[in-house]
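**Q** mmCIF, C-alpha atoms, file protein_38.cif:
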```
data_final
loop_
_atom_site.label_atom_id
_atom_site.label_comp_id
_atom_site.auth_asym_id
_atom_site.auth_seq_id
_atom_site.Cartn_x
_atom_site.Cartn_y
_atom_site.Cartn_z
CA MET A 996 41.81 -58.02 -68.88
CA ASN A 997 42.54 -60.22 -71.98
CA ALA A 998 44.12 -63.69 -71.96
CA LYS A 999 47.58 -62.39 -72.75
CA SER A 1000 47.54 -59.73 -70.10
CA ILE A 1001 48.61 -60.08 -66.53
CA GLN A 1002 48.55 -57.73 -63.57
CA CYS A 1003 51.81 -55.83 -63.19
CA PRO A 1004 53.31 -56.83 -59.84
CA SER A 1005 54.70 -53.28 -59.45
CA CYS A 1006 51.83 -50.91 -60.23
CA GLY A 1007 48.87 -53.31 -60.47
CA GLN A 1008 47.84 -52.18 -63.96
CA PRO A 1009 47.07 -54.67 -66.79
CA ALA A 1010 50.32 -55.52 -68.62
CA ALA A 1011 51.60 -57.77 -71.39
CA GLY A 1012 55.02 -58.60 -72.73
CA ARG A 1013 58.27 -58.27 -70.91
CA PHE A 1014 57.75 -54.74 -69.51
CA CYS A 1015 54.74 -52.93 -68.06
CA SER A 1016 53.51 -50.17 -70.34
CA HIS A 1017 52.44 -48.08 -67.31
CA CYS A 1018 55.44 -48.12 -65.02
CA ALA A 1019 58.09 -49.83 -67.20
CA ALA A 1020 58.72 -52.49 -64.60
CA PRO A 1021 60.05 -55.75 -66.15
CA ILE A 1022 57.62 -58.67 -66.19
CA ALA A 1023 59.85 -61.75 -65.91
CA SER A 1024 59.09 -65.20 -67.31
CA THR A 1025 62.43 -66.65 -66.20
CA CYS A 1026 64.41 -65.86 -63.09
CA PRO A 1027 67.43 -63.69 -63.95
CA SER A 1028 69.30 -65.22 -61.02
CA CYS A 1029 68.85 -69.00 -61.43
CA GLY A 1030 67.07 -69.29 -64.79
CA ALA A 1031 64.09 -71.15 -63.43
CA GLU A 1032 60.78 -70.68 -65.23
CA VAL A 1033 58.37 -68.49 -63.32
CA LYS A 1034 54.77 -67.52 -63.85
CA PRO A 1035 54.38 -64.03 -65.36
CA GLY A 1036 53.47 -61.56 -62.65
CA THR A 1037 55.31 -63.43 -59.91
CA ARG A 1038 57.21 -61.07 -57.62
CA ALA A 1039 59.87 -63.53 -56.47
CA CYS A 1040 61.43 -66.70 -57.85
CA HIS A 1041 59.99 -69.83 -56.29
CA ALA A 1042 63.34 -71.57 -56.73
CA CYS A 1043 65.89 -69.11 -55.37
CA GLY A 1044 63.81 -66.31 -53.91
CA ALA A 1045 65.30 -63.59 -56.08
CA PHE A 1046 63.05 -60.59 -56.78
CA LEU A 1047 61.74 -60.66 -60.35
CA THR A 1048 60.50 -57.09 -60.56
CA ALA A 1049 62.76 -54.09 -60.46
CA PRO A 1050 62.12 -51.73 -57.53
CA VAL A 1051 60.32 -48.56 -58.44
CA ALA A 1052 62.90 -45.87 -58.96
CA LEU A 1053 62.91 -43.17 -56.34
CA LYS A 1054 61.94 -39.74 -57.54
CA LYS A 1055 65.02 -37.70 -58.23
CA TRP A 1056 65.20 -34.42 -56.43
CA ASN A 1057 66.44 -31.43 -58.35
CA ALA A 1058 65.98 -27.69 -58.28
CA GLN A 1059 62.56 -27.93 -59.94
CA THR A 1060 61.22 -30.58 -57.60
CA ILE A 1061 62.71 -29.03 -54.48
CA ALA A 1062 61.60 -25.45 -55.19
CA PRO A 1063 57.86 -25.89 -54.50
CA TRP A 1064 58.49 -27.69 -51.22
CA ALA A 1065 61.11 -25.15 -50.19
CA ALA A 1066 58.68 -22.33 -50.89
CA PHE A 1067 56.01 -24.12 -48.87
CA GLY A 1068 58.42 -24.53 -45.98
CA VAL A 1069 59.44 -20.88 -46.04
CA ALA A 1070 55.80 -19.80 -46.14
CA THR A 1071 54.97 -22.06 -43.21
CA VAL A 1072 57.83 -20.68 -41.12
CA ALA A 1073 56.82 -17.11 -41.98
CA LEU A 1074 53.24 -17.84 -40.93
CA VAL A 1075 54.36 -19.28 -37.60
CA VAL A 1076 56.64 -16.29 -36.95
CA ALA A 1077 53.82 -13.87 -37.79
CA VAL A 1078 51.39 -15.62 -35.47
CA VAL A 1079 53.89 -15.66 -32.62
CA SER A 1080 54.75 -12.01 -33.25
CA TRP A 1081 51.12 -10.89 -33.17
CA SER A 1082 50.47 -13.01 -30.09
CA ASP A 1083 53.45 -11.51 -28.31
CA ARG A 1084 52.45 -8.00 -29.37
CA GLY A 1085 48.97 -8.58 -28.00
CA ASN A 1086 50.40 -9.74 -24.68
CA ARG A 1087 52.61 -6.68 -24.39
CA ALA A 1088 50.05 -4.10 -25.53
CA GLN A 1089 47.66 -2.61 -23.03
CA ALA A 1090 44.20 -4.05 -23.44
CA PRO A 1091 41.65 -1.57 -24.68
CA ALA A 1092 39.31 -0.14 -22.11
CA PRO A 1093 36.14 -2.22 -21.77
CA PHE A 1094 33.02 -0.57 -23.13
CA PHE A 1095 31.14 -0.33 -19.84
CA LEU A 1096 28.04 1.83 -20.15
CA PRO A 1097 26.22 2.71 -16.93
CA SER A 1098 22.55 3.62 -16.89
CA THR A 1099 21.53 7.26 -17.15
CA SER A 1100 19.63 7.15 -13.85
CA ALA A 1101 22.46 5.90 -11.67
CA LEU A 1102 26.22 5.90 -11.47
CA PRO A 1103 27.84 2.87 -13.10
CA ALA A 1104 29.13 -0.11 -11.21
CA PRO A 1105 32.82 -0.40 -12.19
CA GLY A 1106 33.56 -3.59 -14.07
CA GLN A 1107 29.95 -4.32 -14.97
CA PRO A 1108 29.50 -4.89 -18.74
CA VAL A 1109 26.35 -3.90 -20.60
CA ASP A 1110 24.72 -5.46 -23.65
CA LEU A 1111 25.15 -2.70 -26.27
CA SER A 1112 22.96 -4.49 -28.80
CA ARG A 1113 19.88 -3.61 -26.74
CA MET A 1114 20.62 0.11 -26.54
CA THR A 1115 19.49 2.94 -28.75
CA PRO A 1116 22.23 5.32 -29.98
CA ARG A 1117 21.08 7.92 -27.45
CA GLN A 1118 21.18 5.43 -24.59
CA ALA A 1119 24.70 4.44 -25.54
CA ALA A 1120 25.81 8.08 -25.69
CA ASP A 1121 24.21 8.89 -22.32
CA ARG A 1122 25.80 5.92 -20.66
CA LEU A 1123 29.20 6.95 -21.93
CA PHE A 1124 28.50 10.39 -20.47
CA ASN A 1125 27.67 8.79 -17.12
CA ARG A 1126 30.86 6.76 -17.31
CA ILE A 1127 32.90 9.95 -17.62
CA MET A 1128 31.00 11.73 -14.85
CA ALA A 1129 31.38 8.73 -12.53
CA ALA A 1130 35.13 8.66 -13.17
CA ASN A 1131 35.33 12.37 -12.32
CA GLU A 1132 33.38 11.74 -9.13
CA ARG A 1133 36.05 9.21 -8.13
CA GLY A 1134 38.85 11.55 -9.16
CA ASP A 1135 39.91 9.16 -11.91
CA SER A 1136 40.74 11.68 -14.64
CA GLU A 1137 42.64 9.07 -16.64
CA GLU A 1138 39.56 6.91 -17.10
CA ALA A 1139 37.37 9.93 -17.81
CA LEU A 1140 39.68 11.14 -20.57
CA ARG A 1141 39.84 7.66 -22.06
CA PHE A 1142 36.09 7.71 -22.69
CA VAL A 1143 35.84 11.32 -23.92
CA PRO A 1144 36.49 10.62 -27.64
CA MET A 1145 33.98 7.75 -27.70
CA ALA A 1146 31.32 9.82 -25.96
CA LEU A 1147 31.75 12.82 -28.26
CA GLU A 1148 31.58 10.56 -31.30
CA ALA A 1149 28.45 8.89 -29.94
CA TYR A 1150 26.67 12.22 -29.50
CA GLY A 1151 27.92 13.38 -32.88
CA LEU A 1152 26.16 10.44 -34.51
CA LEU A 1153 22.83 11.60 -33.11
CA GLY A 1154 22.60 14.57 -35.45
CA THR A 1155 20.50 17.35 -33.89
CA LEU A 1156 20.95 17.50 -30.12
CA ASP A 1157 18.29 18.41 -27.61
CA ASN A 1158 19.11 20.62 -24.62
CA ASP A 1159 19.83 17.67 -22.38
CA ALA A 1160 22.33 16.23 -24.87
CA ARG A 1161 23.95 19.65 -25.31
CA TYR A 1162 24.46 19.83 -21.55
CA HIS A 1163 26.05 16.40 -21.60
CA VAL A 1164 28.39 17.31 -24.45
CA ALA A 1165 29.36 20.54 -22.67
CA LEU A 1166 30.27 18.63 -19.50
CA ILE A 1167 32.27 16.11 -21.52
CA HIS A 1168 34.28 18.95 -23.07
CA MET A 1169 34.77 20.43 -19.63
CA ALA A 1170 36.02 17.10 -18.31
CA ALA A 1171 38.59 17.16 -21.10
CA GLY A 1172 39.60 20.72 -20.17
CA ASP A 1173 38.22 22.17 -23.41
CA ILE A 1174 36.48 25.31 -22.13
CA LYS A 1175 36.12 26.80 -25.61
CA SER A 1176 34.02 23.87 -26.82
CA THR A 1177 32.09 23.96 -23.56
CA ARG A 1178 31.11 27.57 -24.27
CA VAL A 1179 29.96 26.63 -27.77
CA GLN A 1180 27.42 24.21 -26.32
CA LEU A 1181 26.45 26.70 -23.61
CA ASP A 1182 25.70 29.38 -26.23
CA LYS A 1183 23.47 26.98 -28.16
CA LEU A 1184 21.67 26.02 -24.97
CA ARG A 1185 21.05 29.68 -24.16
CA GLN A 1186 19.74 30.36 -27.66
CA SER A 1187 17.11 27.73 -27.03
CA VAL A 1188 16.25 28.69 -23.43
CA PRO A 1189 17.95 31.88 -22.13
CA ASN A 1190 17.40 31.01 -18.44
CA HIS A 1191 17.94 27.28 -18.71
CA LEU A 1192 19.02 26.09 -15.27
CA LEU A 1193 21.59 23.67 -16.66
CA GLY A 1194 23.04 26.48 -18.76
CA LEU A 1195 23.39 28.70 -15.70
CA MET A 1196 25.08 25.84 -13.87
CA LEU A 1197 27.52 25.50 -16.78
CA GLU A 1198 28.22 29.25 -16.67
CA HIS A 1199 29.02 28.97 -12.96
CA GLN A 1200 31.40 26.04 -13.54
CA ILE A 1201 33.22 27.87 -16.31
CA ALA A 1202 33.58 30.92 -14.09
CA GLU A 1203 35.01 28.82 -11.28
CA ARG A 1204 37.47 27.15 -13.67
CA SER A 1205 38.58 30.63 -14.72
CA ALA A 1206 38.73 31.82 -11.08
CA ASN A 1207 36.25 34.58 -11.99
CA LYS A 1208 34.37 35.07 -8.73
CA ASP A 1209 32.15 37.86 -10.05
CA SER A 1210 30.90 35.75 -12.97
CA ALA A 1211 30.35 32.81 -10.64
CA THR A 1212 28.27 34.98 -8.31
CA ARG A 1213 26.18 36.35 -11.19
CA ALA A 1214 25.48 32.83 -12.41
CA SER A 1215 24.36 31.73 -8.96
CA LYS A 1216 22.03 34.71 -8.60
CA ALA A 1217 20.55 34.16 -12.07
CA PHE A 1218 20.00 30.50 -11.26
CA LEU A 1219 18.12 31.24 -8.03
CA ALA A 1220 16.02 33.92 -9.75
CA ALA A 1221 15.01 31.55 -12.57
CA TYR A 1222 14.62 28.42 -10.49
CA ASP A 1223 10.90 28.48 -9.67
CA ALA A 1224 9.72 29.46 -13.14
CA GLU A 1225 12.00 27.01 -14.88
CA MET A 1226 11.17 24.08 -12.63
CA ALA A 1227 7.48 24.77 -13.24
CA THR A 1228 8.01 24.04 -16.94
CA GLY A 1229 8.61 20.37 -16.14
CA ARG A 1230 11.45 20.00 -18.64
CA ALA A 1231 12.54 16.39 -18.94
CA GLU A 1232 16.21 17.26 -18.49
CA TYR A 1233 15.42 18.88 -15.12
CA GLN A 1234 13.99 15.61 -13.93
CA ASP A 1235 16.98 13.65 -15.21
CA HIS A 1236 19.40 16.01 -13.42
CA GLN A 1237 17.25 16.84 -10.41
CA GLY A 1238 19.87 15.72 -7.90
CA GLY A 1239 22.54 17.97 -9.40
CA ILE A 1240 20.15 20.89 -9.72
CA GLU A 1241 19.11 20.67 -6.07
CA ARG A 1242 22.70 20.39 -4.87
CA PHE A 1243 23.64 23.44 -6.90
CA ARG A 1244 20.64 25.34 -5.54
CA THR A 1245 21.64 24.57 -1.96
CA ALA A 1246 25.21 25.71 -2.61
CA ALA A 1247 24.03 28.84 -4.41
CA GLN A 1248 21.74 29.79 -1.52
CA ALA A 1249 24.58 29.27 0.94
CA SER A 1250 26.89 31.43 -1.12
CA MET A 1251 24.35 34.27 -1.10
CA VAL A 1252 24.22 34.48 2.69
CA GLY A 1253 25.53 37.87 3.75
CA LYS A 1254 25.44 39.20 0.18
CA LYS A 1255 23.04 41.73 -1.16
#
```
Would you encode the structure as structure tokens?
**A**
Amino acid sequence: MNAKSIQCPSCGQPAAGRFCSHCAAPIASTCPSCGAEVKPGTRACHACGAFLTAPVALKKWNAQTIAPWAAFGVATVALVVAVVSWSDRGNRAQAPAPFFLPSTSALPAPGQPVDLSRMTPRQAADRLFNRIMAANERGDSEEALRFVPMALEAYGLLGTLDNDARYHVALIHMAAGDIKSTRVQLDKLRQSVPNHLLGLMLEHQIAERSANKDSATRASKAFLAAYDAEMATGRAEYQDHQGGIERFRTAAQASMVGKK
């Protein structure tokens, strides 16, 4: 700051002369009220107390200055409304069904979540299958149907299905009441193993759904005739579904009593 410059009492920038070159505030050397000599840069007269610097003019508001703030305000209100709307919608909407996946070796415990990140795609598909079967066991068709699309998609992502997976997909279609799609899987299972025990069990279930007693009887007889040879093969799917196979065998034997 040079010898002729002072600090503007209004904006604090270096100034010289009667007015500040930065903010245009007057830099008084005499008091405009009483005429007393004052030191340049003094804010108030030491004699009468009058202010020696003009107050900084307030920014004038016009359409150009108001518009940006108005737009900001409108945007803020819109954001708040949107957040409240989505929050309210979420409270009203039914929460999606939790992705509970029971193990393939046991029925699921309702309400027990499973860490999907540790499952293979096949494990995830099989556990969805078990979820549907468990719901059917409880007579909860609503829950079973809710998981049908997810289960079918999960098996579809596997690509080529083995006989065990085909049996699962067939039962899922049956749980959804889609007998036509159930037969498609049954035919593929038979092409692989004509006397597959799970295929014969499917044939019996389809016959019962159709109230076709003759077809149901034929399926039971074919199952009993193929049982020993098929079980001797040690197929992995027979082990996985051993409980169901043995229950069906007991029922089939009982149904044959008194029949030739």
**Q** Determine the residue set returned by the PyMOL selection byres ((chain A and resi 1168) around 12) for the present structure, and present it as a PDB file with C-alpha atoms, keeping the file's coordinate frame.
**A**
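What ended up in expr-v2.pdb:
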```pdb
ATOM      1  CA  PHE A1124      28.500  10.390 -20.470  1.00  0.00           C
ATOM      2  CA  ILE A1127      32.900   9.950 -17.620  1.00  0.00           C
ATOM      3  CA  MET A1128      31.000  11.730 -14.850  1.00  0.00           C
ATOM      4  CA  ALA A1139      37.370   9.930 -17.810  1.00  0.00           C
ATOM      5  CA  LEU A1140      39.680  11.140 -20.570  1.00  0.00           C
ATOM      6  CA  PHE A1142      36.090   7.710 -22.690  1.00  0.00           C
ATOM      7  CA  VAL A1143      35.840  11.320 -23.920  1.00  0.00           C
ATOM      8  CA  PRO A1144      36.490  10.620 -27.640  1.00  0.00           C
ATOM      9  CA  ALA A1146      31.320   9.820 -25.960  1.00  0.00           C
ATOM     10  CA  LEU A1147      31.750  12.820 -28.260  1.00  0.00           C
ATOM     11  CA  ARG A1161      23.950  19.650 -25.310  1.00  0.00           C
ATOM     12  CA  TYR A1162      24.460  19.830 -21.550  1.00  0.00           C
ATOM     13  CA  HIS A1163      26.050  16.400 -21.600  1.00  0.00           C
ATOM     14  CA  VAL A1164      28.390  17.310 -24.450  1.00  0.00           C
ATOM     15  CA  ALA A1165      29.360  20.540 -22.670  1.00  0.00           C
ATOM     16  CA  LEU A1166      30.270  18.630 -19.500  1.00  0.00           C
ATOM     17  CA  ILE A1167      32.270  16.110 -21.520  1.00  0.00           C
ATOM     18  CA  MET A1169      34.770  20.430 -19.630  1.00  0.00           C
ATOM     19  CA  ALA A1170      36.020  17.100 -18.310  1.00  0.00           C
ATOM     20  CA  ALA A1171      38.590  17.160 -21.100  1.00  0.00           C
ATOM     21  CA  GLY A1172      39.600  20.720 -20.170  1.00  0.00           C
ATOM     22  CA  ASP A1173      38.220  22.170 -23.410  1.00  0.00           C
ATOM     23  CA  ILE A1174      36.480  25.310 -22.130  1.00  0.00           C
ATOM     24  CA  LYS A1175      36.120  26.800 -25.610  1.00  0.00           C
ATOM     25  CA  SER A1176      34.020  23.870 -26.820  1.00  0.00           C
ATOM     26  CA  THR A1177      32.090  23.960 -23.560  1.00  0.00           C
ATOM     27  CA  ARG A1178      31.110  27.570 -24.270  1.00  0.00           C
ATOM     28  CA  VAL A1179      29.960  26.630 -27.770  1.00  0.00           C
ATOM     29  CA  GLN A1180      27.420  24.210 -26.320  1.00  0.00           C
ATOM     30  CA  LEU A1181      26.450  26.700 -23.610  1.00  0.00           C
ATOM     31  CA  LEU A1197      27.520  25.500 -16.780  1.00  0.00           C
ATOM     32  CA  ILE A1201      33.220  27.870 -16.310  1.00  0.00           C
TER      33      ILE A1201
END
```
**Q** Hey, which of A:His1191, A:Lys1183, A:Arg1113, A:Arg1141 ends up closest to Ala1220 (chain A)? Count all atoms listed in the file.
**A**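 Closest candidate: A:His1191.
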**Q** Nearest to Phe1243 (chain A): which of A:Thr1228, A:Ala1206, A:Ser1187, A:His1199 is it, counting all atoms listed in the file?
**A**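 Ranked by minimum distance to Phe1243 (chain A), first place goes to A:His1199.
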**Q** What separation in Å, quoted to one decimal, exists between CA of Tyr1222 (chain A) and CA of Glu1132 (chain A)?
**A** 25.1 Å
**Q** Which value, in Å to one decimal, gives the distance between CA of Glu1198 (chain A) and CA of Ser1210 (chain A)?
**A**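 Here the two named atoms are 7.9 Å from each other.
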**Q** Which residues fall under the PyMOL selection byres ((chain A and resi 1232) around 12) in this file, as a VMD selection string?
**A** chain A and resid 1099 to 1100 1157 to 1163 1191 to 1194 1225 to 1226 1228 to 1231 1233 to 1240
**Q** Rounded to one decimal place, report the CA of Glu1241 (chain A)-CA of Arg1204 (chain A) distance in Å.
**A**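 We find that CA of Glu1241 (chain A) and CA of Arg1204 (chain A) lie 20.9 Å from each other.
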**Q** Can you pull out the residues contacting Ala1247 (chain A)? Cut-off 8 Å, using all atoms listed in the file, and skip same-chain residues under 2 positions away; I want them as a ChimeraX atom specification.
**A** /A:1215-1216,1219,1243-1245,1249-1251
**Q** Please determine the residues with any atom at most 8 Å from (23.2, 12.6, -31.2) (coordinates as given in the file, with only C-alpha atoms counting) and report them as a list of chain:residue names.
**A**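 Returned residue set, sorted by chain then number, is A:Pro1116, A:Arg1117, A:Ala1120, A:Ala1149, A:Tyr1150, A:Gly1151, A:Leu1152, A:Leu1153, A:Gly1154, A:Thr1155, A:Leu1156, A:Ala1160.
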